[in-house]
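Data from my_file-v1.txt: compact mmCIF, C-alpha atoms and all ligand atoms
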# COMPACT_ATOMS: atom_id res chain seq x y z
CA MET A 1 18.02 -5.43 -2.01
CA PHE A 2 15.81 -2.86 -0.20
CA ASN A 3 12.14 -3.51 0.47
CA LEU A 4 9.77 -0.80 1.63
CA VAL A 5 6.16 -0.99 2.78
CA LEU A 6 4.15 2.19 2.26
CA PHE A 7 1.35 1.98 4.80
CA GLY A 8 -1.69 4.08 5.65
CA PRO A 9 -5.47 4.36 5.47
CA PRO A 10 -7.36 4.50 2.16
CA GLY A 11 -6.75 7.84 0.47
CA SER A 12 -3.65 8.64 2.53
CA GLY A 13 -1.58 9.00 -0.66
CA LYS A 14 0.15 5.62 -0.91
CA GLY A 15 -0.38 5.36 -4.68
CA THR A 16 0.54 9.01 -5.24
CA GLN A 17 3.79 8.80 -3.25
CA SER A 18 4.75 5.36 -4.60
CA ALA A 19 4.99 6.78 -8.12
CA ASN A 20 7.55 9.38 -6.93
CA ILE A 21 9.51 6.90 -4.83
CA VAL A 22 9.73 4.36 -7.67
CA HIS A 23 11.13 7.04 -9.97
CA THR A 24 13.65 8.36 -7.44
CA TYR A 25 14.99 5.09 -6.03
CA GLY A 26 14.51 2.65 -8.94
CA LEU A 27 12.34 0.25 -6.94
CA LYS A 28 9.69 -2.03 -8.44
CA HIS A 29 6.15 -0.99 -7.52
CA ILE A 30 3.70 -3.62 -6.29
CA SER A 31 0.23 -2.17 -5.60
CA THR A 32 -2.37 -4.77 -4.69
CA GLY A 33 -5.11 -2.22 -5.44
CA ASP A 34 -3.78 -1.71 -9.01
CA LEU A 35 -3.27 -5.47 -9.52
CA LEU A 36 -6.81 -6.20 -8.34
CA ARG A 37 -8.31 -3.45 -10.54
CA GLU A 38 -6.46 -4.94 -13.56
CA GLU A 39 -7.96 -8.35 -12.80
CA VAL A 40 -11.42 -6.74 -12.49
CA THR A 41 -11.06 -4.87 -15.80
CA THR A 42 -9.95 -7.98 -17.70
CA GLN A 43 -12.70 -10.00 -15.97
CA THR A 44 -10.47 -12.89 -14.87
CA PRO A 45 -12.03 -15.37 -12.37
CA LEU A 46 -9.89 -13.71 -9.66
CA GLY A 47 -11.15 -10.27 -10.73
CA VAL A 48 -14.81 -11.34 -10.72
CA GLU A 49 -14.37 -12.70 -7.16
CA ALA A 50 -12.40 -9.63 -5.95
CA LYS A 51 -14.96 -7.16 -7.34
CA LYS A 52 -17.63 -8.48 -4.96
CA TYR A 53 -15.50 -7.34 -2.01
CA MET A 54 -14.07 -4.15 -3.49
CA ASP A 55 -17.49 -2.80 -4.48
CA GLN A 56 -18.60 -3.12 -0.86
CA GLY A 57 -15.46 -1.46 0.55
CA LEU A 58 -14.32 -4.78 2.07
CA LEU A 59 -10.87 -6.31 1.96
CA VAL A 60 -10.36 -9.07 -0.61
CA PRO A 61 -9.60 -12.45 1.10
CA ASP A 62 -5.96 -12.92 2.16
CA GLU A 63 -5.28 -16.05 0.08
CA VAL A 64 -6.27 -14.25 -3.14
CA VAL A 65 -3.98 -11.29 -2.47
CA ILE A 66 -1.00 -13.30 -1.19
CA GLY A 67 -0.96 -15.56 -4.29
CA MET A 68 -0.91 -12.47 -6.51
CA ILE A 69 2.07 -10.94 -4.67
CA SER A 70 4.21 -14.05 -4.82
CA SER A 71 3.99 -14.35 -8.60
CA LYS A 72 4.58 -10.60 -9.03
CA ILE A 73 7.85 -10.69 -7.01
CA ASP A 74 9.08 -13.59 -9.14
CA GLU A 75 8.66 -11.47 -12.29
CA PHE A 76 11.58 -9.23 -11.20
CA PRO A 77 14.51 -11.40 -10.03
CA GLU A 78 17.02 -8.57 -10.70
CA ALA A 79 15.09 -5.84 -8.85
CA ARG A 80 16.96 -3.33 -6.66
CA GLY A 81 14.04 -3.75 -4.29
CA PHE A 82 10.28 -3.42 -4.04
CA ILE A 83 7.82 -0.89 -2.74
CA PHE A 84 4.71 -2.60 -1.42
CA ASP A 85 1.78 -0.18 -1.75
CA GLY A 86 -1.44 -1.14 0.03
CA PHE A 87 0.01 -4.50 1.08
CA PRO A 88 0.07 -6.02 3.69
CA ARG A 89 -3.40 -5.00 4.89
CA THR A 90 -3.89 -7.71 7.54
CA CYS A 91 -1.52 -9.33 10.06
CA ALA A 92 -1.93 -12.64 8.18
CA GLN A 93 -0.71 -10.88 5.00
CA ALA A 94 2.24 -9.39 6.92
CA GLU A 95 3.27 -12.79 8.25
CA SER A 96 2.97 -14.36 4.78
CA LEU A 97 5.07 -11.57 3.29
CA ASP A 98 7.79 -12.12 5.92
CA ASN A 99 7.83 -15.85 5.14
CA LEU A 100 7.87 -15.26 1.41
CA LEU A 101 10.78 -12.79 1.62
CA GLU A 102 12.73 -15.01 4.01
CA PHE A 103 12.40 -17.82 1.47
CA LYS A 104 13.94 -15.42 -1.09
CA ASN A 105 16.75 -14.52 1.39
CA THR A 106 15.53 -10.98 1.94
CA GLN A 107 13.18 -9.04 4.26
CA ILE A 108 11.18 -5.83 4.77
CA HIS A 109 13.68 -3.09 5.71
CA LEU A 110 11.40 -0.12 6.38
CA VAL A 111 7.69 0.64 6.87
CA LEU A 112 6.55 4.23 6.35
CA SER A 113 3.05 4.93 7.61
CA LEU A 114 1.19 7.97 6.25
CA ASP A 115 -0.88 9.64 8.96
CA VAL A 116 -3.86 11.69 7.68
CA PRO A 117 -6.99 12.81 9.61
CA GLN A 118 -10.25 11.10 8.64
CA GLU A 119 -11.99 14.26 7.30
CA GLU A 120 -9.10 14.83 4.90
CA LEU A 121 -9.18 11.17 3.75
CA THR A 122 -12.90 11.43 2.96
CA ARG A 123 -12.44 14.74 1.19
CA ARG A 124 -9.64 13.37 -1.02
CA MET A 125 -11.42 10.17 -1.99
CA ILE A 126 -14.66 11.93 -2.84
CA GLY A 127 -12.55 14.31 -4.97
CA ARG A 128 -10.84 11.37 -6.68
CA GLY A 129 -14.17 9.61 -7.27
CA ALA A 130 -15.45 12.64 -9.20
CA THR A 131 -12.76 12.18 -11.85
CA SER A 132 -11.42 8.61 -11.65
CA GLY A 133 -14.70 6.78 -12.03
CA ARG A 134 -13.61 4.42 -9.23
CA SER A 135 -16.82 2.80 -8.02
CA ASP A 136 -15.49 2.47 -4.44
CA ASP A 137 -14.93 6.25 -4.01
CA THR A 138 -18.47 7.08 -2.86
CA GLU A 139 -19.19 8.41 0.62
CA GLU A 140 -20.99 5.27 1.88
CA ILE A 141 -18.25 2.91 0.67
CA ILE A 142 -15.44 5.19 1.86
CA ILE A 143 -16.83 4.94 5.42
CA ARG A 144 -16.83 1.13 5.08
CA ARG A 145 -13.23 1.15 3.82
CA ILE A 146 -12.06 3.30 6.71
CA ASP A 147 -13.84 0.92 9.16
CA GLU A 148 -12.09 -2.06 7.53
CA TYR A 149 -8.79 -0.21 7.88
CA ARG A 150 -9.35 0.45 11.59
CA SER A 151 -10.35 -3.10 12.46
CA LYS A 152 -8.11 -5.19 10.17
CA THR A 153 -5.26 -3.06 8.82
CA ALA A 154 -4.25 -0.69 11.66
CA PRO A 155 -2.89 -3.65 13.76
CA VAL A 156 -0.32 -4.29 11.01
CA ALA A 157 1.49 -1.09 12.11
CA GLU A 158 2.01 -2.62 15.55
CA TYR A 159 3.29 -5.83 13.92
CA TYR A 160 6.10 -3.83 12.25
CA ASP A 161 6.65 -1.55 15.24
CA THR A 162 7.49 -4.63 17.30
CA GLN A 163 10.13 -5.43 14.68
CA GLY A 164 11.54 -1.86 15.01
CA LYS A 165 10.80 -1.06 11.35
CA LEU A 166 7.96 1.49 11.60
CA ASP A 167 8.19 5.26 11.03
CA ILE A 168 5.12 7.52 11.04
CA ILE A 169 5.05 10.39 8.53
CA ARG A 170 2.51 13.21 8.40
CA GLY A 171 0.60 12.78 5.16
CA ASP A 172 -1.64 15.85 5.34
CA TYR A 173 0.92 18.29 3.95
CA SER A 174 1.24 18.90 0.19
CA ILE A 175 2.28 16.02 -2.10
CA ASP A 176 5.81 17.50 -2.42
CA GLU A 177 6.28 18.13 1.31
CA THR A 178 5.08 14.62 2.14
CA PHE A 179 7.45 13.20 -0.46
CA HIS A 180 10.41 15.04 1.11
CA ALA A 181 9.50 13.71 4.54
CA LEU A 182 9.45 10.18 3.10
CA THR A 183 12.78 10.58 1.31
CA ARG A 184 14.46 11.75 4.53
CA GLN A 185 13.74 8.31 6.00
CA ILE A 186 14.49 6.28 2.85
CA ASP A 187 17.82 8.08 2.30
CA LYS A 188 19.06 6.53 5.55
CA HIS A 189 18.88 3.13 3.81
CA LEU A 190 19.21 3.71 0.07
CA LEU A 191 20.76 6.26 -2.31
CA PRO A 192 18.51 7.84 -4.97
CA VAL A 193 19.18 6.83 -8.58
CA THR A 194 18.00 10.16 -10.05
P1 LIG B 201 -5.97 0.85 -3.02
O1 LIG B 201 -5.90 0.84 -4.49
O2 LIG B 201 -4.77 0.44 -2.24
O3 LIG B 201 -6.37 2.36 -2.76
P2 LIG B 201 -6.46 3.43 -1.59
O4 LIG B 201 -6.02 2.83 -0.29
O5 LIG B 201 -7.85 3.91 -1.69
O6 LIG B 201 -5.62 4.70 -1.95
P3 LIG B 201 -4.17 5.38 -1.69
O7 LIG B 201 -3.76 5.46 -0.26
O8 LIG B 201 -3.23 4.71 -2.65
O9 LIG B 201 -4.48 6.89 -2.09
P4 LIG B 201 -4.04 7.79 -3.34
O10 LIG B 201 -2.58 7.96 -3.46
O11 LIG B 201 -4.75 7.27 -4.56
O12 LIG B 201 -7.20 -0.11 -2.50
C1 LIG B 201 -8.48 -0.21 -3.13
C2 LIG B 201 -9.26 -1.48 -2.66
O13 LIG B 201 -8.59 -2.68 -3.13
C3 LIG B 201 -9.38 -1.72 -1.15
O14 LIG B 201 -10.47 -1.02 -0.59
C4 LIG B 201 -9.59 -3.28 -1.10
O15 LIG B 201 -10.93 -3.65 -1.37
C5 LIG B 201 -8.70 -3.79 -2.21
N1 LIG B 201 -7.34 -4.16 -1.73
C6 LIG B 201 -6.18 -3.55 -2.11
N2 LIG B 201 -5.12 -4.13 -1.50
C7 LIG B 201 -5.62 -5.13 -0.72
C8 LIG B 201 -5.02 -6.07 0.17
N3 LIG B 201 -3.70 -6.10 0.39
N4 LIG B 201 -5.83 -6.95 0.83
C9 LIG B 201 -7.16 -6.95 0.64
N5 LIG B 201 -7.79 -6.07 -0.18
C10 LIG B 201 -7.04 -5.16 -0.87
O16 LIG B 201 -4.64 9.21 -2.92
C11 LIG B 201 -6.03 9.46 -2.83
C12 LIG B 201 -6.37 10.83 -3.37
O17 LIG B 201 -5.76 11.86 -2.59
C13 LIG B 201 -5.90 11.07 -4.81
O18 LIG B 201 -6.91 11.75 -5.51
C14 LIG B 201 -4.65 11.95 -4.66
O19 LIG B 201 -4.44 12.82 -5.75
C15 LIG B 201 -4.97 12.74 -3.40
N6 LIG B 201 -3.77 13.09 -2.61
C16 LIG B 201 -2.74 12.25 -2.32
N7 LIG B 201 -1.82 12.89 -1.56
C17 LIG B 201 -2.31 14.17 -1.34
C18 LIG B 201 -1.81 15.32 -0.62
N8 LIG B 201 -0.64 15.30 0.06
N9 LIG B 201 -2.57 16.42 -0.60
C19 LIG B 201 -3.76 16.47 -1.27
N10 LIG B 201 -4.28 15.43 -1.98
C20 LIG B 201 -3.55 14.29 -2.02

Let me see the structure of the file written as structure tokens.
Ligand code: B4P
Amino acid sequence: MFNLVLFGPPGSGKGTQSANIVHTYGLKHISTGDLLREEVTTQTPLGVEAKKYMDQGLLVPDEVVIGMISSKIDEFPEARGFIFDGFPRTCAQAESLDNLLEFKNTQIHLVLSLDVPQEELTRRMIGRGATSGRSDDTEEIIIRRIDEYRSKTAPVAEYYDTQGKLDIIRGDYSIDETFHALTRQIDKHLLPVT
């Protein structure tokens, strides 16, 4: 089993690149952002609670997100591995993920962090907001999300660096060029299926 964390600030391209990686390496995709948006759309109690945070550009509480991940992993006992997209976003989430994977006799093997300058992040998310209808892609909320990233999520990179698992990839090239840079690192661990 091979487990990858795709890390980076909001709008760095985690969702975009995950789709390509899943296709190329046959991994199961777990995006906490997508899972939370599904819960919001279907108006589950979890979704109603999560929406209060997401609409303000704040992180959803750890216990909500961690519970969601655990049941998602259990849905795919035969998986070749997982790509965690947008998770973990706090050190508490990272520690919980380590414990959860250890319990399942596996671990995180690689963390790829997409590095993109702030002006480019803002530009991309405002562009996405114009077409996606995502209510958190407005300038005021984007600034809040980037602040949350700096204070709560950026320390997670150090957590994995200490474990010797972190690689930083430039994410401000084109989607294809960024994908090739990512595959150069993944290929050291796992052969493509396509
Ligand atoms: P997410 O859904 O994870 O979304 P994101 O960080 O905004 O975007 P991502 O990095 O995936 O960017 P994308 O590929 O779409 O989170 C949303 C919210 O959910 C959070 O704010 C939080 O409230 C909550 N949440 C999620 N996970 C949580 C957790 N673990 N704990 C607590 N709360 C959590 O790319 C963005 C845009 O750029 C797209 O339009 C794309 O087309 C474009 N783009 C991508 N790569 C490009 C490139 N190389 N060049 C040009 N454009 C590019």

Could you work out an axis-aligned bounding box for all listed atoms of ligand LIG 201 (chain B), with 5 Å added on each of the six sides, and give its centre and edge lengths in Å to one decimal, as AutoDock Vina command-line options?
--center_x -5.8 --center_y 4.8 --center_z -2.5 --size_x 20.3 --size_y 33.4 --size_z 16.6

Stretch 92-108 of chain A: which residues within 10 Å, counting all atoms listed in the file, same-chain residues fewer than 3 positions away excluded, as a compact mmCIF listing (two decimals) with C-alpha atoms, in the coordinates of the input?
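Generated output (selection.txt):
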# COMPACT_ATOMS: atom_id res chain seq x y z
CA MET A 1 18.02 -5.43 -2.01
CA PHE A 2 15.81 -2.86 -0.20
CA ASN A 3 12.14 -3.51 0.47
CA LEU A 4 9.77 -0.80 1.63
CA VAL A 5 6.16 -0.99 2.78
CA PRO A 61 -9.60 -12.45 1.10
CA ASP A 62 -5.96 -12.92 2.16
CA GLU A 63 -5.28 -16.05 0.08
CA VAL A 65 -3.98 -11.29 -2.47
CA ILE A 66 -1.00 -13.30 -1.19
CA GLY A 67 -0.96 -15.56 -4.29
CA ILE A 69 2.07 -10.94 -4.67
CA SER A 70 4.21 -14.05 -4.82
CA ILE A 73 7.85 -10.69 -7.01
CA ASP A 74 9.08 -13.59 -9.14
CA PRO A 77 14.51 -11.40 -10.03
CA GLY A 81 14.04 -3.75 -4.29
CA PHE A 82 10.28 -3.42 -4.04
CA ILE A 83 7.82 -0.89 -2.74
CA PHE A 84 4.71 -2.60 -1.42
CA PHE A 87 0.01 -4.50 1.08
CA PRO A 88 0.07 -6.02 3.69
CA ARG A 89 -3.40 -5.00 4.89
CA VAL A 111 7.69 0.64 6.87
CA LYS A 152 -8.11 -5.19 10.17
CA THR A 153 -5.26 -3.06 8.82
CA VAL A 156 -0.32 -4.29 11.01
CA ALA A 157 1.49 -1.09 12.11
CA TYR A 159 3.29 -5.83 13.92
CA TYR A 160 6.10 -3.83 12.25
CA GLN A 163 10.13 -5.43 14.68
CA LYS A 165 10.80 -1.06 11.35

Any residue with an atom at most 7 Å from ligand LIG 201 (chain B) counts, using all atoms listed in the file. Which are they? Put them as an MDAnalysis selection string. chainID A and resid 8:17 31:34 36 53:54 57:62 65 85:89 124:125 127:128 145 171:175 178

Interatomic distance, atom CA of A:Gly133 to atom CA of A:Thr44 (Å, one decimal):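 Result for atom CA of A:Gly133 versus atom CA of A:Thr44: 20.3 Å, one decimal.
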
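Note that atom CA of A:Glu119 and atom CA of A:Leu166 are 24.1 Å apart.
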
Proximity to A:Lys52 - best of A:Arg184, A:Cys91, A:Phe179, A:Asp136, only C-alpha atoms: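 Closest to A:Lys52 of all the choices is A:Asp136.
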